[in-house]
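So this one's start-v3.tsv, TSV, C-alpha atoms:
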chain	number	residue	atom	x	y	z
E	192	MET	CA	104.55	137.42	106.65
E	193	MET	CA	108.15	136.31	106.17
E	194	LYS	CA	108.58	136.22	109.91
E	195	GLN	CA	105.42	134.17	110.25
E	196	LEU	CA	106.47	131.63	107.61
E	197	PHE	CA	110.10	131.36	108.71
E	198	PRO	CA	110.10	131.08	112.51
E	199	VAL	CA	113.43	131.91	114.16
E	200	LYS	CA	113.60	128.48	115.80
E	201	HIS	CA	113.51	126.67	112.46
E	202	VAL	CA	115.99	129.02	110.79
E	203	VAL	CA	118.41	128.65	113.69
E	204	GLY	CA	118.02	124.86	113.52
E	205	TYR	CA	118.70	124.84	109.79
E	206	VAL	CA	121.74	127.11	110.02
E	207	SER	CA	123.11	125.03	112.92
E	208	SER	CA	122.81	121.84	110.88
E	209	LEU	CA	124.73	123.47	108.01
E	210	VAL	CA	127.40	124.72	110.42
E	211	LEU	CA	127.70	121.25	111.99
E	212	THR	CA	128.09	119.71	108.52
E	213	ALA	CA	130.88	122.20	107.73
E	214	LEU	CA	132.45	121.52	111.12
E	215	ALA	CA	132.54	117.77	110.42
E	216	LEU	CA	134.66	118.49	107.35
E	217	VAL	CA	137.69	119.25	109.55
E	218	VAL	CA	138.22	115.47	109.72
E	219	LEU	CA	139.48	115.71	106.13
E	220	MET	CA	142.34	117.91	107.33
E	221	ASP	CA	145.55	116.84	108.96
E	222	ILE	CA	144.58	116.38	112.61
E	223	PRO	CA	145.17	113.47	115.03
E	224	SER	CA	143.04	110.48	113.94
E	225	ALA	CA	141.77	109.88	117.48
E	226	ALA	CA	140.16	113.33	117.40
E	227	LYS	CA	138.53	112.64	114.03
E	228	MET	CA	136.15	109.91	115.22
E	229	GLY	CA	135.28	112.03	118.23
E	230	ILE	CA	134.37	114.98	116.02
E	231	LEU	CA	132.24	112.81	113.71
E	232	VAL	CA	130.33	111.24	116.61
E	233	VAL	CA	129.69	114.59	118.31
E	234	THR	CA	128.54	116.46	115.17
E	235	ALA	CA	126.32	113.55	114.01
E	236	VAL	CA	124.68	113.15	117.43
E	237	ILE	CA	124.00	116.88	117.82
E	238	GLN	CA	122.59	117.09	114.28
E	239	SER	CA	120.25	114.14	114.72
E	240	SER	CA	119.08	115.44	118.11
E	241	LEU	CA	118.30	118.77	116.43
E	242	GLN	CA	116.07	116.96	113.94
E	243	LEU	CA	114.30	114.88	116.60
E	244	VAL	CA	113.60	117.66	119.07
E	245	LEU	CA	113.27	120.76	116.92
E	246	PHE	CA	111.81	119.52	113.64
E	247	MET	CA	110.06	116.31	114.65
E	248	HIS	CA	108.61	117.85	117.85
E	249	ILE	CA	109.26	114.65	119.82
E	250	GLY	CA	108.54	116.39	123.12
E	251	GLU	CA	105.31	118.22	122.34
E	252	THR	CA	102.64	115.75	123.53
E	253	ASP	CA	101.76	113.94	126.73
E	254	GLU	CA	103.18	110.78	125.20
E	255	LYS	CA	106.68	112.23	125.08
E	256	LYS	CA	107.98	109.93	127.80
E	257	SER	CA	106.94	106.84	125.82
E	258	LEU	CA	108.40	108.32	122.63
E	259	TYR	CA	111.75	108.99	124.28
E	260	ILE	CA	111.80	105.46	125.73
E	261	ASN	CA	110.97	104.01	122.32
E	262	ILE	CA	113.76	105.92	120.59
E	263	ALA	CA	116.21	105.18	123.41
E	264	TYR	CA	115.41	101.46	123.14
E	265	ALA	CA	115.82	101.56	119.34
E	266	LEU	CA	119.20	103.27	119.78
E	267	PHE	CA	120.18	100.66	122.37
E	268	VAL	CA	119.34	97.86	119.91
E	269	ALA	CA	121.23	99.71	117.15
E	270	LEU	CA	124.36	100.25	119.25
E	271	VAL	CA	124.43	96.68	120.55
E	272	THR	CA	124.04	95.36	116.99
E	273	ILE	CA	126.79	97.59	115.59
E	274	LEU	CA	129.32	97.50	118.45
E	275	GLY	CA	128.64	93.85	119.31
E	276	SER	CA	129.29	92.78	115.72
E	277	LEU	CA	132.42	94.92	115.44
E	278	PHE	CA	133.57	93.43	118.74
E	279	ILE	CA	133.46	89.91	117.26
E	280	PHE	CA	134.28	90.44	113.59
E	281	VAL	CA	136.68	93.38	113.52
E	282	TRP	CA	138.27	93.93	116.91
E	283	GLY	CA	138.96	90.20	117.24
E	284	TRP	CA	137.65	89.50	120.73
E	285	TYR	CA	136.38	86.04	119.79
E	286	ALA	CA	139.42	84.13	121.02
Y	298	MET	CA	84.14	111.44	116.65
Y	299	LYS	CA	85.46	113.62	119.43
Y	300	ILE	CA	87.52	116.51	118.16
Y	301	ASP	CA	89.75	118.28	120.65
Y	302	ALA	CA	90.01	121.88	119.46
Y	303	THR	CA	92.77	122.77	121.91
Y	304	GLN	CA	95.20	120.53	119.99
Y	305	PRO	CA	96.73	121.13	116.55
Y	306	LEU	CA	94.61	119.49	113.80
Y	307	GLU	CA	96.95	116.52	113.41
Y	308	TYR	CA	96.44	115.55	117.06
Y	309	GLY	CA	92.74	116.50	117.11
Y	310	THR	CA	91.26	113.01	117.59
Y	311	ASP	CA	92.31	109.95	119.57
Y	312	GLU	CA	92.82	108.07	116.32
Y	313	ASN	CA	95.17	110.81	115.12
Y	314	ARG	CA	97.20	110.65	118.30
Y	315	TYR	CA	97.51	106.84	118.04
Y	316	LYS	CA	98.61	107.13	114.43
Y	317	VAL	CA	101.41	109.56	115.27
Y	318	PHE	CA	102.45	107.36	118.20
Y	319	GLY	CA	102.37	104.25	115.99
Y	320	PHE	CA	104.53	105.94	113.41
Y	321	TRP	CA	107.15	106.69	116.04
Y	322	LEU	CA	107.18	102.97	116.89
Y	323	PHE	CA	107.73	102.24	113.19
Y	324	LEU	CA	110.64	104.70	113.14
Y	325	GLY	CA	112.14	102.76	116.08
Y	326	ALA	CA	112.05	99.65	113.88
Y	327	GLU	CA	113.61	101.63	111.03
Y	328	ILE	CA	116.49	102.59	113.32
Y	329	ALA	CA	117.08	98.88	113.94
Y	330	LEU	CA	116.89	98.16	110.18
Y	331	PHE	CA	119.48	100.78	109.29
Y	332	ALA	CA	121.66	99.64	112.21
Y	333	THR	CA	121.95	96.18	110.63
Y	334	LEU	CA	122.94	97.73	107.28
Y	335	PHE	CA	125.54	99.98	108.94
Y	336	THR	CA	126.84	96.92	110.81
Y	337	THR	CA	127.32	94.99	107.57
Y	338	TYR	CA	129.08	97.99	106.01
Y	339	PHE	CA	131.42	98.58	108.96
Y	340	ILE	CA	132.44	94.92	109.01
Y	341	LEU	CA	133.06	94.70	105.25
Y	342	VAL	CA	134.48	98.17	104.65
Y	343	ASN	CA	138.06	96.90	104.23
Y	344	ARG	CA	137.16	93.85	102.13
Y	345	TYR	CA	137.50	95.54	98.76
Y	346	ALA	CA	139.22	92.56	97.08
Y	347	ASN	CA	140.60	93.67	93.69
Y	348	GLY	CA	138.14	96.56	93.46
Y	349	PRO	CA	138.54	100.15	94.59
Y	350	SER	CA	138.41	101.24	98.23
Y	351	GLY	CA	136.15	103.97	99.56
Y	352	ALA	CA	138.95	106.53	99.49
Y	353	GLU	CA	139.44	105.80	95.78
Y	354	ILE	CA	135.85	106.25	94.61
Y	355	PHE	CA	134.25	108.71	97.07
Y	356	GLU	CA	134.12	112.32	95.91
Y	357	ILE	CA	133.35	114.99	98.44
Y	358	GLY	CA	131.72	117.38	95.92
Y	359	PRO	CA	128.56	115.43	95.00
Y	360	VAL	CA	128.26	114.21	98.60
Y	361	LEU	CA	128.19	117.79	99.90
Y	362	VAL	CA	125.56	118.67	97.30
Y	363	GLU	CA	123.42	115.69	98.42
Y	364	THR	CA	123.84	116.68	102.07
Y	365	PHE	CA	122.88	120.29	101.36
Y	366	LEU	CA	119.80	119.24	99.35
Y	367	LEU	CA	118.56	116.86	102.03
Y	368	LEU	CA	119.23	119.22	104.96
Y	369	THR	CA	117.38	121.99	103.12
Y	370	SER	CA	114.45	119.70	102.30
Y	371	SER	CA	114.24	118.77	105.98
Y	372	PHE	CA	114.07	122.49	106.78
Y	373	THR	CA	111.31	123.14	104.21
Y	374	ILE	CA	109.15	120.20	105.36
Y	375	GLY	CA	109.49	121.66	108.88
Y	376	LEU	CA	108.25	124.98	107.51
Y	377	ALA	CA	105.38	123.17	105.77
Y	378	VAL	CA	104.20	121.73	109.09
Y	379	HIS	CA	104.62	125.17	110.67
Y	380	SER	CA	102.42	126.75	107.96
Y	381	MET	CA	99.92	123.92	108.40
Y	382	ARG	CA	99.58	124.77	112.08
Y	383	LEU	CA	98.86	128.37	111.13
Y	384	GLY	CA	96.16	127.09	108.77
Y	385	LEU	CA	97.99	128.39	105.69
Y	386	LYS	CA	97.19	125.67	103.19
Y	387	LYS	CA	98.68	127.37	100.12
Y	388	GLN	CA	102.01	128.17	101.77
Y	389	MET	CA	102.11	124.68	103.23
Y	390	MET	CA	101.66	123.12	99.79
Y	391	ILE	CA	104.38	125.34	98.33
Y	392	PHE	CA	106.83	124.25	101.04
Y	393	LEU	CA	105.83	120.63	100.44
Y	394	ILE	CA	106.43	120.99	96.70
Y	395	ILE	CA	109.86	122.56	97.35
Y	396	THR	CA	110.65	119.66	99.69
Y	397	LEU	CA	109.76	117.09	97.03
Y	398	LEU	CA	111.77	118.93	94.36
Y	399	LEU	CA	114.81	118.97	96.66
Y	400	GLY	CA	114.25	115.26	97.33
Y	401	ALA	CA	114.10	114.57	93.58
Y	402	ALA	CA	117.32	116.57	93.07
Y	403	PHE	CA	118.97	114.53	95.83
Y	404	LEU	CA	117.95	111.32	94.08
Y	405	GLY	CA	119.26	112.66	90.78
Y	406	VAL	CA	122.70	113.31	92.28
Y	407	GLU	CA	122.70	109.90	93.96
Y	408	ILE	CA	121.82	108.11	90.71
Y	409	TYR	CA	124.58	110.07	88.94
Y	410	GLU	CA	126.97	108.98	91.70
Y	411	PHE	CA	125.98	105.32	91.26
Y	412	PHE	CA	126.52	105.62	87.50
Y	413	THR	CA	129.98	107.07	88.09
Y	414	TYR	CA	130.89	104.20	90.44
Y	415	VAL	CA	129.74	101.55	87.99
Y	416	HIS	CA	131.56	103.36	85.17
Y	417	GLU	CA	134.75	103.17	87.26
Y	418	GLY	CA	134.28	99.42	87.62
Y	419	ALA	CA	132.79	99.56	91.11
Y	420	THR	CA	129.63	97.45	90.84
Y	421	LEU	CA	127.41	95.64	93.32
Y	422	SER	CA	129.30	92.38	92.76
Y	423	THR	CA	132.88	93.73	92.61
Y	424	SER	CA	133.62	93.30	96.30
Y	425	ALA	CA	132.01	92.77	99.69
Y	426	PHE	CA	132.73	96.41	100.49
Y	427	LEU	CA	130.80	97.61	97.42
Y	428	SER	CA	127.89	95.20	98.01
Y	429	SER	CA	127.41	96.53	101.52
Y	430	LEU	CA	127.87	100.14	100.35
Y	431	PHE	CA	125.26	99.88	97.59
Y	432	LEU	CA	122.91	98.05	99.96
Y	433	LEU	CA	123.12	100.81	102.58
Y	434	LEU	CA	122.93	103.74	100.14
Y	435	GLY	CA	120.31	101.96	98.03
Y	436	THR	CA	118.01	101.28	100.98
Y	437	HIS	CA	118.19	104.94	101.95
Y	438	GLY	CA	117.63	106.01	98.33
Y	439	ALA	CA	114.65	103.65	98.04
Y	440	HIS	CA	113.18	105.27	101.14
Y	441	VAL	CA	113.58	108.71	99.55
Y	442	THR	CA	111.95	107.44	96.33
Y	443	PHE	CA	109.02	106.06	98.29
Y	444	GLY	CA	108.84	109.37	100.17
Y	445	LEU	CA	108.50	111.26	96.88
Y	446	LEU	CA	105.52	109.13	95.84
Y	447	TRP	CA	103.99	109.44	99.31
Y	448	GLY	CA	104.49	113.23	99.26
Y	449	ILE	CA	102.79	113.54	95.88
Y	450	ALA	CA	99.84	111.49	97.18
Y	451	ILE	CA	99.57	113.87	100.14
Y	452	LEU	CA	99.65	116.92	97.87
Y	453	ILE	CA	96.77	115.50	95.84
Y	454	GLN	CA	94.73	114.88	98.99
Y	455	LEU	CA	95.44	118.37	100.31
Y	456	ARG	CA	94.28	119.83	97.02
Y	457	LYS	CA	91.13	117.72	96.95
Y	458	HIS	CA	90.08	117.80	100.59
Y	459	GLY	CA	91.87	120.82	102.01
Y	460	LEU	CA	93.24	120.92	105.54
Y	461	ASN	CA	91.25	118.80	107.97
Y	462	HIS	CA	92.21	116.56	110.86
Y	463	ARG	CA	92.82	113.64	108.50
Y	464	THR	CA	94.99	115.35	105.89
Y	465	ALA	CA	96.84	117.28	108.61
Y	466	ASN	CA	97.56	114.02	110.41
Y	467	LYS	CA	98.85	112.38	107.22
Y	468	SER	CA	101.01	115.40	106.41
Y	469	PHE	CA	102.49	115.48	109.90
Y	470	ILE	CA	103.34	111.77	109.76
Y	471	PHE	CA	104.95	112.29	106.36
Y	472	SER	CA	107.08	115.06	107.85
Y	473	LEU	CA	108.30	112.67	110.55
Y	474	TYR	CA	109.32	110.19	107.85
Y	475	TRP	CA	111.13	112.84	105.85
Y	476	HIS	CA	113.07	114.17	108.85
Y	477	PHE	CA	114.01	110.60	109.73
Y	478	LEU	CA	115.55	110.09	106.28
Y	479	ASP	CA	117.65	113.17	106.91
Y	480	VAL	CA	118.82	111.71	110.23
Y	481	VAL	CA	119.89	108.49	108.48
Y	482	TRP	CA	121.71	110.55	105.84
Y	483	ILE	CA	123.65	112.46	108.54
Y	484	PHE	CA	125.08	109.11	109.68
Y	485	ILE	CA	125.83	108.00	106.11
Y	486	PHE	CA	127.55	111.33	105.45
Y	487	SER	CA	129.66	111.09	108.61
Y	488	PHE	CA	130.47	107.40	108.93
Y	489	VAL	CA	130.51	106.27	105.31
Y	490	TYR	CA	131.77	109.22	103.25
Y	491	LEU	CA	133.80	111.35	105.65
Y	492	LYS	CA	135.24	108.34	107.44
Y	493	GLY	CA	136.10	106.75	104.10
Y	494	LEU	CA	137.85	109.90	102.93
Y	495	MET	CA	139.79	110.73	106.07

Mind converting the file's structure to structure tokens?
Amino acid sequence: MMKQLFPVKHVVGYVSSLVLTALALVVLMDIPSAAKMGILVVTAVIQSSLQLVLFMHIGETDEKKSLYINIAYALFVALVTILGSLFIFVWGWYA
Amino acid sequence: MKIDATQPLEYGTDENRYKVFGFWLFLGAEIALFATLFTTYFILVNRYANGPSGAEIFEIGPVLVETFLLLTSSFTIGLAVHSMRLGLKKQMMIFLIITLLLGAAFLGVEIYEFFTYVHEGATLSTSAFLSSLFLLLGTHGAHVTFGLLWGIAILIQLRKHGLNHRTANKSFIFSLYWHFLDVVWIFIFSFVYLKGLM
């Protein structure tokens, strides 16, 4: 029964997300700051992909291609909004 | 109504499939919404005027508790959907109840955190940094609050009508919403708290 209620795939996904959270904590230690942003981006992207693919079953239907395109487009809009605004307001490329 | 028995209940009819698809489109719009809030935060993060900076008010302890609660609730809602697909209504409802309790605990810690900030003189109107911080965290917290009410409504329907293609579809869509909130939190955890503390 336990095995039926707690499938290995879900348990592995859960444990991986906890491990990735712990891994992200190394940015609080004394390491080169260039590496810190890299670590945060990598752990956050892997964790969110875990949620999308494993828990949200994005790829389980015939519509998966449309779903991936939809999410990819949303991420494109998000990245352009964030990076484009930083480009102008913070990194000072308006001159 | 044509019911396709080869599919899980929540995908059993055309209408069900369109609803799941439509909800994914909504989540795409939610990604754009949170992107604008993150943008505002990233631009204003150093404009803390005479108020405290992130490094001064953030505490890793409560944040780790919040992260653990939300990650675990995302796991349990996944298990609820898994039980649903096995037709185990009782186990599914138990997992759903655990999920909602974890969500409520998350909200409790977040409210406590907000109280602490305000007590330390960090309010919504103290600085541009704090306005954008409360706006981002508050929008996420409001989504969790709405999710709690939605989850309770689903529990009531499951109790009243049992598992059928309609309640299964609603439950599955709710699980998508809940996982999505966890995804947003992962980014808040990484790029607001950890980045602010490093």

With distances taken over all atoms listed in the file, which of Y:Ala326, Y:Leu341, Y:Ile483, Y:Ile451 is nearest to Y:Met389? Y:Ile451

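Considering all atoms listed in the file, the residue among Y:Ala465, Y:Ile408, Y:Leu452, Y:Ala332 positioned nearest to Y:Gly438 is Y:Ile408.
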
Output the contact residues of chain E with respect to chain Y at a cut-off of 7 Å, based on all atoms listed in the file, as a compact mmCIF listing (two decimals) with C-alpha atoms, keeping the file's coordinate frame.
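Generated output (part.txt):
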# COMPACT_ATOMS: atom_id res chain seq x y z
CA LEU E 196 106.47 131.63 107.61
CA PHE E 197 110.10 131.36 108.71
CA TYR E 205 118.70 124.84 109.79
CA VAL E 218 138.22 115.47 109.72
CA LEU E 219 139.48 115.71 106.13
CA LEU E 231 132.24 112.81 113.71
CA ALA E 235 126.32 113.55 114.01
CA SER E 239 120.25 114.14 114.72
CA GLN E 242 116.07 116.96 113.94
CA PHE E 246 111.81 119.52 113.64
CA MET E 247 110.06 116.31 114.65
CA LEU E 258 108.40 108.32 122.63
CA ASN E 261 110.97 104.01 122.32
CA ILE E 262 113.76 105.92 120.59
CA ALA E 265 115.82 101.56 119.34
CA VAL E 268 119.34 97.86 119.91
CA ALA E 269 121.23 99.71 117.15
CA THR E 272 124.04 95.36 116.99
CA ILE E 273 126.79 97.59 115.59
CA SER E 276 129.29 92.78 115.72
CA LEU E 277 132.42 94.92 115.44
CA PHE E 280 134.28 90.44 113.59
CA VAL E 281 136.68 93.38 113.52

Tell me, in Å to one decimal, how far atom CA of E:Lys256 is from atom CA of E:Gly204.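 So the two atoms, atom CA of E:Lys256 and atom CA of E:Gly204, lie 23.0 Å apart.
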
Closest of E:Met228, E:Lys255, E:Phe267, E:Leu241 to Y:Val489 - atom-to-atom distances counting all atoms listed in the file: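 With all atoms listed in the file as the atom set, the closest residue is E:Met228.
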
Please report the interatomic distance between atom CA of Y:His462 and atom CA of Y:Ile300 in Å with one decimal.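 Going from atom CA of Y:His462 over to atom CA of Y:Ile300 covers 8.7 Å.
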
In Å to one decimal, how far is atom CA of Y:His440 from atom CA of Y:Leu366?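 Interatomic distance here is 15.6 Å.
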
Which residue out of Y:Met381, Y:Leu306, Y:Leu427, Y:Leu421 has the minimum interatomic distance to Y:Gly351 when only C-alpha atoms are used?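 For Y:Gly351, the nearest of the candidates is Y:Leu427.
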
Hey, which of Y:Gly358, Y:Ile395, Y:Val342, Y:Val415 ends up closest to Y:Ser429? Count all atoms listed in the file. Y:Val342
